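First the structure, in the form of structure tokens, and then the observations on it.
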Amino acid sequence: MKSAVKSSKVNRAWLNDHVNDTYVKLAKKDGYRARAAYKLQEIDETLHLIKPGQLVVDLGSTPGAWSQYVRRKLSPKAAAGGGGAAVGELNGRIIALDLLAMEPIEGVIFIQGDIREDAVLTELKDHMQGQLADLVISDMAPNLSGISSADAARIEHLVELALEFAQEQLKPDGALVAKVFHGGSYDALYKRFTETFVTVKRLKPKASRDRSSETFLIGLALKNP
């Protein structure tokens with residue numbers, strides 16, 4: 001009973017924080033599906049990653065806020081339209097993938113499936129049409145169990161998948177943005193990034209909640225393309 005009461009209090013506190021969150025309100029105003037759009041926006045504005053004409057692959061895309069932001073950046077002359085994405089001519093390509101369904105975004109190719117499955121990975125590569133990605137963005141995260149060792153292993157595995165995909169499907173001067181969490185797997189993942197990329201940046205955007213251990217690793221230019 002005590003645990004149920006505690007859980008109820010935590011849920012109420014989270015809901016209260018969420019409703020009053022500045023970025024939640026801003027996302028609603030700007031038409032983004034989630035506050036996560038502003039995390040990618042800050043990363044992009046800091047490092048100037050997204051440019052018209054690019055091929056961008058969005059891993060762990062649902063509900064679609066990152067794809068929405070990329071859609072706007074690839075349509076610089078288009079007005080912002082419904083759903084947070086720009087409407088009009090798209091200068092570039094966006095391919096999004098997630099285990100969960102995602103509501104359509106104009107011009108975004110969406111694949112529902114598990115990147116660990118060969119058929120899904122083949123479908124993703126088919127949509128790339130032999131072109132290497134300019135940018136891979138990964139907001140993939142596991143359902144956390146609360147068991148630190150198990151959660152660290154799940155997190156590390158998803159980031160490793162993003163790294164493996166980038167090594168195979170990224171242009172030599174391309175970039176990978178991946179969500180990671182401070183904890184048991186962080187140092188190993190950072191080391192993997194430094195082994196894979198010429199330059200590695202660490203950013204915790206303002207839109208990441210203070211109490212969250214999430215941060216983002218950005219790898220720039222492959223070492224061994």
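Just so we're on the same page: first chain in the structure tokens is A, next is B, and so on; residues restart at 1 for each chain, and ligands are numbered from 1 in the order they show up.
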
Expected answer as a PyMOL selection string: alpha helix (DSSP H) residues in stretch 50-134 of chain A: chain A and resi 65-73+118-128

A:Lys125 surroundings by only C-alpha atoms, 12 Å radius, close-in-sequence under 5 positions cut, as a PyMOL selection string: chain A and resi 57+95-97+111+115+118-120+130-133+165-166+168-170

Residue nearest A:Arg211 among A:Thr122, A:Leu99, A:Leu49, A:His182 (counting only C-alpha atoms):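 Of A:Thr122, A:Leu99, A:Leu49, A:His182, the one nearest A:Arg211, counting only C-alpha atoms, is A:His182.
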
Counting only C-alpha atoms, the residue of A:Gly219, A:Gly53, A:Pro172, A:Gly31 that sits nearest A:Tyr190: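 Checking each candidate against A:Tyr190, we get A:Gly219 as the closest.
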
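Restricting the calculation to only C-alpha atoms, the smallest distance between A:Ala27 and any of A:Glu106, A:Thr46, A:Trp66, A:Ile155 is found for A:Trp66.
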
All strand (DSSP E or B) positions in stretch 104-189 of chain A, as a PyMOL selection string: chain A and resi 108-112+133-138+170-181

How would the residues just picked look written out with N, CA and C atoms as a PDB file, in the first residue's frame?
ATOM      1  N   VAL A 108       8.077  12.992 -44.821  1.00  0.00           N
ATOM      2  CA  VAL A 108       8.929  12.117 -44.014  1.00  0.00           C
ATOM      3  C   VAL A 108       8.551  10.662 -44.275  1.00  0.00           C
ATOM      4  N   ILE A 109       9.533   9.858 -44.650  1.00  0.00           N
ATOM      5  CA  ILE A 109       9.318   8.425 -44.829  1.00  0.00           C
ATOM      6  C   ILE A 109       9.422   7.768 -43.455  1.00  0.00           C
ATOM      7  N   PHE A 110       8.390   7.036 -43.056  1.00  0.00           N
ATOM      8  CA  PHE A 110       8.412   6.399 -41.740  1.00  0.00           C
ATOM      9  C   PHE A 110       8.356   4.885 -41.878  1.00  0.00           C
ATOM     10  N   ILE A 111       9.227   4.216 -41.119  1.00  0.00           N
ATOM     11  CA  ILE A 111       9.263   2.761 -41.062  1.00  0.00           C
ATOM     12  C   ILE A 111       8.992   2.352 -39.623  1.00  0.00           C
ATOM     13  N   GLN A 112       7.978   1.523 -39.425  1.00  0.00           N
ATOM     14  CA  GLN A 112       7.722   1.000 -38.083  1.00  0.00           C
ATOM     15  C   GLN A 112       8.360  -0.377 -37.977  1.00  0.00           C
ATOM     16  N   ALA A 133      23.970   8.829 -45.378  1.00  0.00           N
ATOM     17  CA  ALA A 133      23.314   9.887 -44.603  1.00  0.00           C
ATOM     18  C   ALA A 133      24.292  11.009 -44.265  1.00  0.00           C
ATOM     19  N   ASP A 134      23.788  12.222 -44.302  1.00  0.00           N
ATOM     20  CA  ASP A 134      24.561  13.365 -43.805  1.00  0.00           C
ATOM     21  C   ASP A 134      24.516  13.429 -42.293  1.00  0.00           C
ATOM     22  N   LEU A 135      23.403  12.982 -41.738  1.00  0.00           N
ATOM     23  CA  LEU A 135      23.180  13.085 -40.293  1.00  0.00           C
ATOM     24  C   LEU A 135      22.298  11.943 -39.820  1.00  0.00           C
ATOM     25  N   VAL A 136      22.707  11.306 -38.739  1.00  0.00           N
ATOM     26  CA  VAL A 136      21.881  10.314 -38.054  1.00  0.00           C
ATOM     27  C   VAL A 136      21.579  10.860 -36.674  1.00  0.00           C
ATOM     28  N   ILE A 137      20.296  10.916 -36.332  1.00  0.00           N
ATOM     29  CA  ILE A 137      19.894  11.394 -35.010  1.00  0.00           C
ATOM     30  C   ILE A 137      19.177  10.252 -34.289  1.00  0.00           C
ATOM     31  N   SER A 138      19.571   9.995 -33.066  1.00  0.00           N
ATOM     32  CA  SER A 138      19.007   8.873 -32.322  1.00  0.00           C
ATOM     33  C   SER A 138      18.520   9.328 -30.952  1.00  0.00           C
ATOM     34  N   LEU A 170      26.866   6.398 -42.845  1.00  0.00           N
ATOM     35  CA  LEU A 170      27.082   7.835 -42.701  1.00  0.00           C
ATOM     36  C   LEU A 170      28.185   8.286 -43.648  1.00  0.00           C
ATOM     37  N   LYS A 171      28.021   9.480 -44.212  1.00  0.00           N
ATOM     38  CA  LYS A 171      29.078  10.072 -45.029  1.00  0.00           C
ATOM     39  C   LYS A 171      30.326  10.298 -44.171  1.00  0.00           C
ATOM     40  N   PRO A 172      31.512  10.283 -44.782  1.00  0.00           N
ATOM     41  CA  PRO A 172      32.736  10.475 -44.002  1.00  0.00           C
ATOM     42  C   PRO A 172      32.724  11.743 -43.143  1.00  0.00           C
ATOM     43  N   ASP A 173      32.114  12.814 -43.657  1.00  0.00           N
ATOM     44  CA  ASP A 173      32.065  14.072 -42.905  1.00  0.00           C
ATOM     45  C   ASP A 173      30.722  14.259 -42.195  1.00  0.00           C
ATOM     46  N   GLY A 174      29.967  13.182 -42.057  1.00  0.00           N
ATOM     47  CA  GLY A 174      28.645  13.257 -41.432  1.00  0.00           C
ATOM     48  C   GLY A 174      28.716  13.311 -39.911  1.00  0.00           C
ATOM     49  N   ALA A 175      27.532  13.301 -39.294  1.00  0.00           N
ATOM     50  CA  ALA A 175      27.463  13.426 -37.838  1.00  0.00           C
ATOM     51  C   ALA A 175      26.405  12.488 -37.270  1.00  0.00           C
ATOM     52  N   LEU A 176      26.646  12.067 -36.035  1.00  0.00           N
ATOM     53  CA  LEU A 176      25.686  11.262 -35.272  1.00  0.00           C
ATOM     54  C   LEU A 176      25.362  11.986 -33.977  1.00  0.00           C
ATOM     55  N   VAL A 177      24.072  12.146 -33.709  1.00  0.00           N
ATOM     56  CA  VAL A 177      23.598  12.685 -32.430  1.00  0.00           C
ATOM     57  C   VAL A 177      22.885  11.547 -31.710  1.00  0.00           C
ATOM     58  N   ALA A 178      23.321  11.207 -30.508  1.00  0.00           N
ATOM     59  CA  ALA A 178      22.705  10.093 -29.781  1.00  0.00           C
ATOM     60  C   ALA A 178      22.455  10.455 -28.327  1.00  0.00           C
ATOM     61  N   LYS A 179      21.276  10.070 -27.864  1.00  0.00           N
ATOM     62  CA  LYS A 179      20.947  10.269 -26.454  1.00  0.00           C
ATOM     63  C   LYS A 179      21.609   9.185 -25.612  1.00  0.00           C
ATOM     64  N   VAL A 180      22.275   9.608 -24.545  1.00  0.00           N
ATOM     65  CA  VAL A 180      22.875   8.664 -23.604  1.00  0.00           C
ATOM     66  C   VAL A 180      22.477   9.100 -22.195  1.00  0.00           C
ATOM     67  N   PHE A 181      22.808   8.274 -21.223  1.00  0.00           N
ATOM     68  CA  PHE A 181      22.502   8.599 -19.833  1.00  0.00           C
ATOM     69  C   PHE A 181      23.757   8.443 -18.990  1.00  0.00           C
TER      70      PHE A 181
END

Distance in Å - atom CA of A:Arg33 versus atom CA of A:Asp151: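 Value for the atom CA of A:Arg33-atom CA of A:Asp151 distance: 26.3 Å.
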
Residue neighbourhood A:Tyr38, 12 Å, only C-alpha atoms, exclusion window fewer than 2 positions, as a ChimeraX atom specification: /A:22-28,30-36,40-45,65-70,204-209

Length of the atom CA of A:Leu220 to atom CA of A:Leu161 vector [Å]: 17.1 Å
